[in-house]
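Working notes, beginning with the structure itself.
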Amino acid sequence: MSINFEPVGLGDSTEIRVSYLLGCSPRVGVRPILVIRFDGACRTEDDGRYMLAIGKAGLTTWEPNGLIVDLTGLECGKRVDGLTSLLYLGEGVFGTENLPQAVIVGPCCEQAIRSFFEPADVERRAEAMEGWFRDIRSATDFVEREAEEVSRKFSARVGEQSEKEDRGNNWPFAGAR
């Protein structure tokens with residue numbers, strides 16, 4: 001029996017449109033801040049999974065220092081479970097450090113996004129709301145500040161590692177093979 005394979009694309013199952021924007025911040029360094037902008041109607045879990053996959057593709061492709069997920073053009077009248085992971089796309093990107101991330105919400109998706117955080121999960125909701133904004137300027141400023149902090153942490157770790165290596169080379173058999 002033969003299988004009839006047909007060409008498919010990631011966006012075939014959804015009407016969601018995505019666009020990527022890159023910008024370099026003098027505060028953050030040479031790697032850019034990535035904005036992923038979603039437009040269209042998010043109605044099913046397939047839509048949410050598509051947005052997550054395409055978001056991960058953007059992170060993999062450009063390896064940014066920060067991420068802004070722009071949902072201002074997204075219509076989402078009800079809770080769509082596939083969106084949950086999109087809100088935490090930057091978690092664990094740097095190992096134990098999260099990629100600085102902001103989410104811009106618009107009036108057509110705010111209620112659906114808020115519904116992910118049940119009243120009993122107040123701590124998680126407050127943590128998530130810290131990175132929520134209504135405009136690109138506020139989101140960018142937040143991501144730049146967070147990226148500066150991550151950069152300081154990494155610089156400190158590299159300095160500590162360098163000191164350990166230097167001390168390790170002072171022992172009697174340093175350089176001996």
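Residue numbers start at 1 in each chain; chains themselves are named A, B, ... in the order of the structure tokens; ligands are numbered from 1 in the order shown.
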* Asked: So which residues touch Thr14 (chain A) within 12 Å, counting only C-alpha atoms, skipping near sequence neighbours fewer than 2 positions away, as number ranges by chain?
  -> A: 9-12, 16-18, 38-51, 54
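By chain and then residue number, the residues within 9 Å of region 146-154 of chain A are A:Arg27, A:Val28, A:Gly29, A:Asn65, A:Gly66, A:Glu97, A:Asn98, A:Leu99, A:Pro100, A:Gln101, counting only C-alpha atoms and disregarding those fewer than 6 positions away in sequence.
In terms of minimum interatomic distance to Leu86 (chain A), A:Leu71 ranks closest within A:Leu71, A:Val30, A:Leu21, A:Ala156, counting only C-alpha atoms.
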* To do: Find the spatial neighbours of Cys109 (chain A), counting only C-alpha atoms, within a cut-off of 8 Å - ignore same-chain residues fewer than 5 positions away - and output them as a PyMOL selection string.
  => chain A and resi 71-72+74-77
* Could you please write out, as a PyMOL selection string, every residue of region 16-74 of chain A that DSSP assigns to alpha helix (DSSP H)? => chain A and resi 45-62
* To do: May I have the residues within 12 Å of Arg137 (chain A) as a list in words, using only C-alpha atoms and disregarding those fewer than 4 positions away in the same chain?
  =>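 My reading of the contact set: Val35, Ile68, Asp70, Ala102, Val103, Ile104, Phe133, Asp141, Phe142, Val143 and Glu144 of chain A.
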* Å distance separating CA of Ala112 (chain A) from CA of Ile36 (chain A), one decimal place -> 18.9 Å
* Compare A:Lys56, A:Ile136, A:Arg145, A:Glu15 by their minimum atom-to-atom distance to Tyr88 (chain A), counting only C-alpha atoms, and give me the closest one. =>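 Among the listed residues, A:Lys56 lies closest to Tyr88 (chain A).
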* Looking at A:Gly131, A:Gly106, A:Pro64, A:Pro7, which one is nearest to Leu87 (chain A), with distances taken over only C-alpha atoms? -> A:Gly131
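Computed from the coordinates, the CA of Val80 (chain A) to CA of Ile113 (chain A) distance equals 8.6 Å.
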* Asked: So how far away is CA of Leu89 (chain A) from CA of Gln111 (chain A), in Å?
  ->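 Interatomic distance here is 19.8 Å.
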